[in-house]
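Beneath this line is the structure, given in C-alpha cells, with notes to follow.
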Amino acid sequence: MTEPLLSVERLSASYGPIRALTDVTISVPDNSVVALLGPNGAGKSTMVRVLTGLLRTSEGDIRFAGKSLKGLNPERIAKLGVSVAPEGRRVFPGMNVEDNLLAGGYTRRRERQGTKSRLANTYELFPKLQQRRMQLAGSLSGGEQQMLAIGRALMGSPRLLILDEPSLGLAPKIVADLYDSLAEIAGSGVAILLIEQNVEMAVKLSSYGYVLVNGRVVADAPSKNLRDIAAKAYLQVDESRDRNAV
Ligand code: ATP
C-alpha cells in the first residue's frame, strides 16, 4: 500500500499543563480532501499549529511525503509543500493584495518564473483579487480576505493545503462560492486538510473525515456518513456543557 501524503500518528500536544490533543491519528492521501470537524475548543487550531511547526510536541509522529516533520521549523515545513490558510485569515492589512500574495510565495522566491505563473493562476482562480490587486488587504470584505488567505497559501505551491475554518463568519452565498473555488483547487491535484465547524459544507467537499472532540478523535468515516456522526458528537458536547453549567 502506498503511504498517505500526510500521516499523523498518536499525536499529543499541550500548552504547559493544558492538554489540547491526545493520541490523534489521521491521514490525508494524495489528491484528496479530508475533513477534520469539531466544535469550539476541540483542538483544531492546535492541530494546525503542530502540523506547521508553530507548536512543538514530543509525543506521536507526523510524516509528510515520506519525511518526518517533527522538529522542523515552519519555513522548512512550508518548503516541503505544506501551506496553511489560518483561522481568521490573518492577511497583512497594511499591505496591498498583490504584496500579500507575493509574501505567500516567500519560500519559493528564487523561482521567479514560477512566481509569475502562480500569481496568474491565483488571479484566474479568484478574479476579484486581480481587480483589487492594489487595494489594501485590510479594506477587503471578509469573503475577499478569505480568498486572499487561500491565494497566499497557494503561492507557496503546496502539495497539501490546510484550511482552518474557511467559512467562519461568512454569509452562506459567499461560503458556497468559496467552496466552488476549493473544489477547483482540489481538482488541480492539491490535497486539502479541511478544518471546519461547518459540517454541511465540509462533508460535500471531502471524501473522508474525522471528528475531534476535547482533543481526541471520537469518530472517523467516509464523508457521506459523517453528517449524522458529527451531529451526535456535537450534541454530546453540548449536553455535557449543559450538565456542567447546572
Ligand atoms: P476554535 O474553533 O474555538 O478555535 P479549536 O478546535 O481550534 O477551537 P484550539 O484553539 O486548538 O481549539 O484549543 C484546544 C484547547 O487548547 C482549548 O481547551 C484551548 O483553551 C486550549 N488552548 C488553545 N490555545 C492555547 C494557548 N495558547 N494556551 C493555553 N491553552 C490553549
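Ordering of the C-alpha cells sets the chain letters (A, B, ...), residue numbers begin anew at 1 in every chain, and ligands are numbered from 1 in the order given.
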
query = Got a sec: who's within 12 Å of A:Met47, counting only C-alpha atoms, leaving out chain neighbours fewer than 2 positions off, as a ChimeraX atom specification?
reply = /A:8,11-14,20-26,36-38,41-45,49-57,62,84,86-87,162-164,193-195,212,215-217

Selected residues, N, CA and C atoms, written as a compact mmCIF listing (two decimals), in the first residue's frame, please.
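Here's the written file result-v8.txt:
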```txt
# COMPACT_ATOMS: atom_id res chain seq x y z
N VAL A 8 -0.52 11.32 10.49
CA VAL A 8 -0.32 11.78 11.87
C VAL A 8 -0.65 10.60 12.75
N LEU A 11 -0.64 11.47 17.99
CA LEU A 11 -0.07 12.77 18.31
C LEU A 11 -0.75 13.37 19.54
N SER A 12 0.05 13.85 20.46
CA SER A 12 -0.49 14.59 21.60
C SER A 12 0.24 15.92 21.68
N ALA A 13 -0.46 16.93 22.21
CA ALA A 13 0.17 18.25 22.34
C ALA A 13 -0.44 18.99 23.51
N SER A 14 0.37 19.82 24.14
CA SER A 14 -0.08 20.55 25.33
C SER A 14 0.41 21.98 25.29
N ALA A 20 -4.12 19.65 24.90
CA ALA A 20 -5.05 20.09 23.85
C ALA A 20 -5.33 18.98 22.83
N LEU A 21 -4.37 18.07 22.63
CA LEU A 21 -4.58 16.94 21.72
C LEU A 21 -4.08 15.67 22.39
N THR A 22 -4.85 14.59 22.25
CA THR A 22 -4.46 13.32 22.87
C THR A 22 -4.58 12.20 21.85
N ASP A 23 -3.44 11.58 21.53
CA ASP A 23 -3.45 10.35 20.72
C ASP A 23 -4.18 10.49 19.39
N VAL A 24 -3.95 11.59 18.70
CA VAL A 24 -4.70 11.83 17.45
C VAL A 24 -4.02 11.12 16.27
N THR A 25 -4.78 10.31 15.56
CA THR A 25 -4.29 9.64 14.37
C THR A 25 -5.19 9.98 13.19
N ILE A 26 -4.61 10.62 12.19
CA ILE A 26 -5.38 10.94 10.97
C ILE A 26 -4.46 10.79 9.76
N LEU A 36 -11.56 17.63 8.98
CA LEU A 36 -11.36 17.47 10.43
C LEU A 36 -12.40 18.39 11.07
N LEU A 37 -13.43 17.76 11.62
CA LEU A 37 -14.55 18.54 12.16
C LEU A 37 -14.47 18.57 13.67
N GLY A 38 -14.99 19.64 14.25
CA GLY A 38 -15.01 19.67 15.71
C GLY A 38 -15.57 20.98 16.20
N GLY A 41 -12.99 24.75 20.67
CA GLY A 41 -12.11 24.22 21.71
C GLY A 41 -11.74 22.76 21.54
N ALA A 42 -12.10 22.16 20.39
CA ALA A 42 -11.83 20.72 20.19
C ALA A 42 -10.35 20.44 20.02
N GLY A 43 -9.59 21.45 19.56
CA GLY A 43 -8.16 21.24 19.34
C GLY A 43 -7.77 21.40 17.87
N LYS A 44 -8.69 21.92 17.07
CA LYS A 44 -8.45 22.02 15.62
C LYS A 44 -7.27 22.95 15.31
N SER A 45 -7.29 24.14 15.92
CA SER A 45 -6.20 25.09 15.63
C SER A 45 -4.88 24.59 16.20
N ARG A 49 -1.31 24.24 14.34
CA ARG A 49 -0.03 24.76 14.86
C ARG A 49 1.03 23.67 14.89
N VAL A 50 0.64 22.47 15.27
CA VAL A 50 1.62 21.38 15.32
C VAL A 50 2.07 21.01 13.90
N LEU A 51 1.10 20.90 12.99
CA LEU A 51 1.45 20.48 11.63
C LEU A 51 2.35 21.48 10.92
N THR A 52 2.22 22.77 11.28
CA THR A 52 3.01 23.79 10.59
C THR A 52 4.27 24.17 11.36
N GLY A 53 4.54 23.49 12.45
CA GLY A 53 5.79 23.72 13.18
C GLY A 53 5.76 24.87 14.16
N LEU A 54 4.57 25.44 14.39
CA LEU A 54 4.48 26.57 15.33
C LEU A 54 4.41 26.09 16.78
N LEU A 55 3.96 24.86 16.97
CA LEU A 55 3.90 24.29 18.32
C LEU A 55 4.62 22.95 18.29
N ARG A 56 5.59 22.82 19.17
CA ARG A 56 6.39 21.58 19.20
C ARG A 56 5.76 20.57 20.15
N THR A 57 5.89 19.32 19.80
CA THR A 57 5.45 18.27 20.70
C THR A 57 6.37 17.07 20.54
N ILE A 62 4.56 12.68 12.88
CA ILE A 62 3.92 13.31 11.72
C ILE A 62 4.82 13.04 10.53
N VAL A 84 -0.76 26.85 4.75
CA VAL A 84 -1.97 26.98 5.57
C VAL A 84 -2.65 28.32 5.33
N PRO A 86 -4.82 30.36 7.62
CA PRO A 86 -5.13 30.24 9.04
C PRO A 86 -6.54 30.71 9.41
N GLU A 87 -6.96 30.29 10.57
CA GLU A 87 -8.25 30.74 11.10
C GLU A 87 -8.20 32.27 11.23
N ILE A 162 -3.73 23.35 4.06
CA ILE A 162 -4.52 23.21 5.29
C ILE A 162 -5.40 24.45 5.41
N LEU A 163 -6.69 24.24 5.52
CA LEU A 163 -7.63 25.36 5.63
C LEU A 163 -8.25 25.32 7.01
N ASP A 164 -8.01 26.38 7.80
CA ASP A 164 -8.55 26.40 9.16
C ASP A 164 -9.82 27.25 9.19
N LEU A 193 -6.49 19.45 3.72
CA LEU A 193 -6.99 19.09 5.05
C LEU A 193 -7.92 20.23 5.44
N LEU A 194 -9.21 19.93 5.48
CA LEU A 194 -10.24 20.94 5.65
C LEU A 194 -10.75 20.92 7.08
N ILE A 195 -10.37 21.95 7.83
CA ILE A 195 -10.75 22.00 9.23
C ILE A 195 -11.97 22.90 9.36
N LEU A 212 -13.24 15.58 15.89
CA LEU A 212 -12.36 15.82 17.03
C LEU A 212 -13.20 16.45 18.14
N GLY A 215 -9.99 17.26 22.08
CA GLY A 215 -8.62 16.86 21.75
C GLY A 215 -8.45 15.43 21.30
N ARG A 216 -9.56 14.68 21.18
CA ARG A 216 -9.47 13.29 20.74
C ARG A 216 -10.33 13.06 19.51
N VAL A 217 -9.86 12.15 18.64
CA VAL A 217 -10.70 11.75 17.51
C VAL A 217 -11.75 10.78 18.05
```

request  = Identify, on the basis of only C-alpha atoms, every residue whose closest approach to A:Ala202 does not exceed 12 Å; exclude the query and any residue fewer than 5 positions from it along the same chain; express the result as a ChimeraX atom specification.
outcome  = /A:33-38,163-167,175-176,178-180,182-183,192-197,207-211,222-224,226-227,230

Write the selection just made, keeping N, CA and C atoms, as a tab-separated table (two decimals), in the first residue's frame?
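Final file, selection24.tsv:
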```tsv
chain	number	residue	atom	x	y	z
A	33	VAL	N	-9.44	15.29	-0.38
A	33	VAL	CA	-9.87	16.29	0.60
A	33	VAL	C	-10.35	15.53	1.83
A	34	VAL	N	-9.71	15.79	2.95
A	34	VAL	CA	-10.08	15.14	4.21
A	34	VAL	C	-10.54	16.21	5.19
A	35	ALA	N	-11.67	15.95	5.83
A	35	ALA	CA	-12.22	16.94	6.77
A	35	ALA	C	-11.84	16.59	8.20
A	36	LEU	N	-11.56	17.63	8.98
A	36	LEU	CA	-11.36	17.47	10.43
A	36	LEU	C	-12.40	18.39	11.07
A	37	LEU	N	-13.43	17.76	11.62
A	37	LEU	CA	-14.55	18.54	12.16
A	37	LEU	C	-14.47	18.57	13.67
A	38	GLY	N	-14.99	19.64	14.25
A	38	GLY	CA	-15.01	19.67	15.71
A	38	GLY	C	-15.57	20.98	16.20
A	163	LEU	N	-6.69	24.24	5.52
A	163	LEU	CA	-7.63	25.36	5.63
A	163	LEU	C	-8.25	25.32	7.01
A	164	ASP	N	-8.01	26.38	7.80
A	164	ASP	CA	-8.55	26.40	9.16
A	164	ASP	C	-9.82	27.25	9.19
A	165	GLU	N	-10.95	26.59	9.20
A	165	GLU	CA	-12.28	27.20	9.26
A	165	GLU	C	-12.49	28.30	8.20
A	166	PRO	N	-12.39	27.92	6.93
A	166	PRO	CA	-12.53	28.94	5.88
A	166	PRO	C	-13.89	29.61	5.84
A	167	SER	N	-14.93	28.95	6.37
A	167	SER	CA	-16.28	29.54	6.25
A	167	SER	C	-16.65	30.43	7.44
A	175	VAL	N	-19.93	31.63	1.26
A	175	VAL	CA	-19.35	30.32	1.59
A	175	VAL	C	-19.51	29.38	0.40
A	176	ALA	N	-20.68	29.39	-0.22
A	176	ALA	CA	-20.93	28.50	-1.37
A	176	ALA	C	-19.96	28.81	-2.50
A	178	LEU	N	-17.04	30.25	-2.24
A	178	LEU	CA	-15.69	29.89	-1.79
A	178	LEU	C	-15.45	28.38	-1.95
A	179	TYR	N	-16.48	27.61	-1.61
A	179	TYR	CA	-16.34	26.16	-1.73
A	179	TYR	C	-16.23	25.71	-3.19
A	180	ASP	N	-16.85	26.48	-4.11
A	180	ASP	CA	-16.65	26.17	-5.53
A	180	ASP	C	-15.17	26.32	-5.89
A	182	LEU	N	-12.69	26.05	-3.79
A	182	LEU	CA	-11.94	24.98	-3.12
A	182	LEU	C	-12.02	23.68	-3.95
A	183	ALA	N	-13.19	23.44	-4.54
A	183	ALA	CA	-13.34	22.24	-5.38
A	183	ALA	C	-12.39	22.32	-6.58
A	192	ILE	N	-6.13	18.53	0.35
A	192	ILE	CA	-6.63	19.53	1.31
A	192	ILE	C	-7.00	18.86	2.63
A	193	LEU	N	-6.49	19.45	3.72
A	193	LEU	CA	-6.99	19.09	5.05
A	193	LEU	C	-7.92	20.23	5.44
A	194	LEU	N	-9.21	19.93	5.48
A	194	LEU	CA	-10.24	20.94	5.65
A	194	LEU	C	-10.75	20.92	7.08
A	195	ILE	N	-10.37	21.95	7.83
A	195	ILE	CA	-10.75	22.00	9.23
A	195	ILE	C	-11.97	22.90	9.36
A	196	GLU	N	-13.04	22.38	9.89
A	196	GLU	CA	-14.30	23.12	9.83
A	196	GLU	C	-15.20	22.84	11.04
A	197	GLN	N	-16.02	23.84	11.34
A	197	GLN	CA	-17.18	23.59	12.20
A	197	GLN	C	-18.40	23.38	11.32
A	207	SER	N	-13.85	13.60	1.02
A	207	SER	CA	-14.23	12.21	0.79
A	207	SER	C	-14.21	11.42	2.10
A	208	TYR	N	-13.44	11.90	3.06
A	208	TYR	CA	-13.32	11.19	4.33
A	208	TYR	C	-13.20	12.25	5.42
A	209	GLY	N	-13.57	11.88	6.64
A	209	GLY	CA	-13.47	12.88	7.69
A	209	GLY	C	-13.31	12.30	9.08
A	210	TYR	N	-12.83	13.16	9.96
A	210	TYR	CA	-12.62	12.81	11.37
A	210	TYR	C	-13.37	13.81	12.22
A	211	VAL	N	-13.84	13.35	13.37
A	211	VAL	CA	-14.49	14.27	14.32
A	211	VAL	C	-13.63	14.35	15.57
A	222	PRO	N	-16.24	7.68	6.00
A	222	PRO	CA	-16.41	8.34	4.71
A	222	PRO	C	-17.38	9.52	4.89
A	223	SER	N	-17.12	10.61	4.17
A	223	SER	CA	-17.87	11.84	4.45
A	223	SER	C	-19.38	11.68	4.27
A	224	LYS	N	-19.78	10.77	3.37
A	224	LYS	CA	-21.23	10.62	3.17
A	224	LYS	C	-21.92	10.13	4.46
A	226	LEU	N	-20.76	11.03	7.49
A	226	LEU	CA	-20.17	11.80	8.59
A	226	LEU	C	-21.16	12.79	9.24
A	227	ARG	N	-22.17	13.19	8.45
A	227	ARG	CA	-23.06	14.25	8.93
A	227	ARG	C	-23.72	13.83	10.26
A	230	ALA	N	-21.17	13.33	13.16
A	230	ALA	CA	-20.69	14.61	13.72
A	230	ALA	C	-21.79	15.26	14.56
```

ask   = Mind checking DSSP for stretch 1-201 of chain A and telling me the alpha helix (DSSP H) residues as a PyMOL selection string?
value = chain A and resi 44-51+74-80+97-104+112-125+127-131+142-154+172-187+199-201

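The smallest atom-to-atom distance between A:Ser117 and any of A:Leu154, A:Val190, A:Ala149, A:Leu140, using only C-alpha atoms, is found for A:Leu154.
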
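Relative to atom CA of A:Gly169, atom 24 (N, counted along the ligand's line) of ligand 1 is found at 19.9 Å.
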
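With only C-alpha atoms and all ligand atoms as the atoms that count, the minimum distance from ligand 1 to the choices A:Leu148, A:Ala137, A:Val213, A:Ile174 is reached by A:Val213.
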
key: Expected answer as a count of residues only: strand (DSSP E) residues in stretch 157-221 of chain A   = 23

inquiry  = Just to confirm, what's the straight-line distance from atom 14 (C, counted along the ligand's line) of ligand 1 to atom CA of A:Val91 in Å (one decimal)?
reply    = 22.6 Å

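Using only C-alpha atoms and all ligand atoms, the nearest neighbour of ligand 1 within the list A:Met95, A:Leu168, A:Ala85, A:Leu160 is A:Leu168.
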
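With only C-alpha atoms as the atoms that count, the minimum distance from A:Asp61 to the choices A:Leu6, A:Ile18, A:Leu136, A:Ala221 is reached by A:Leu6.
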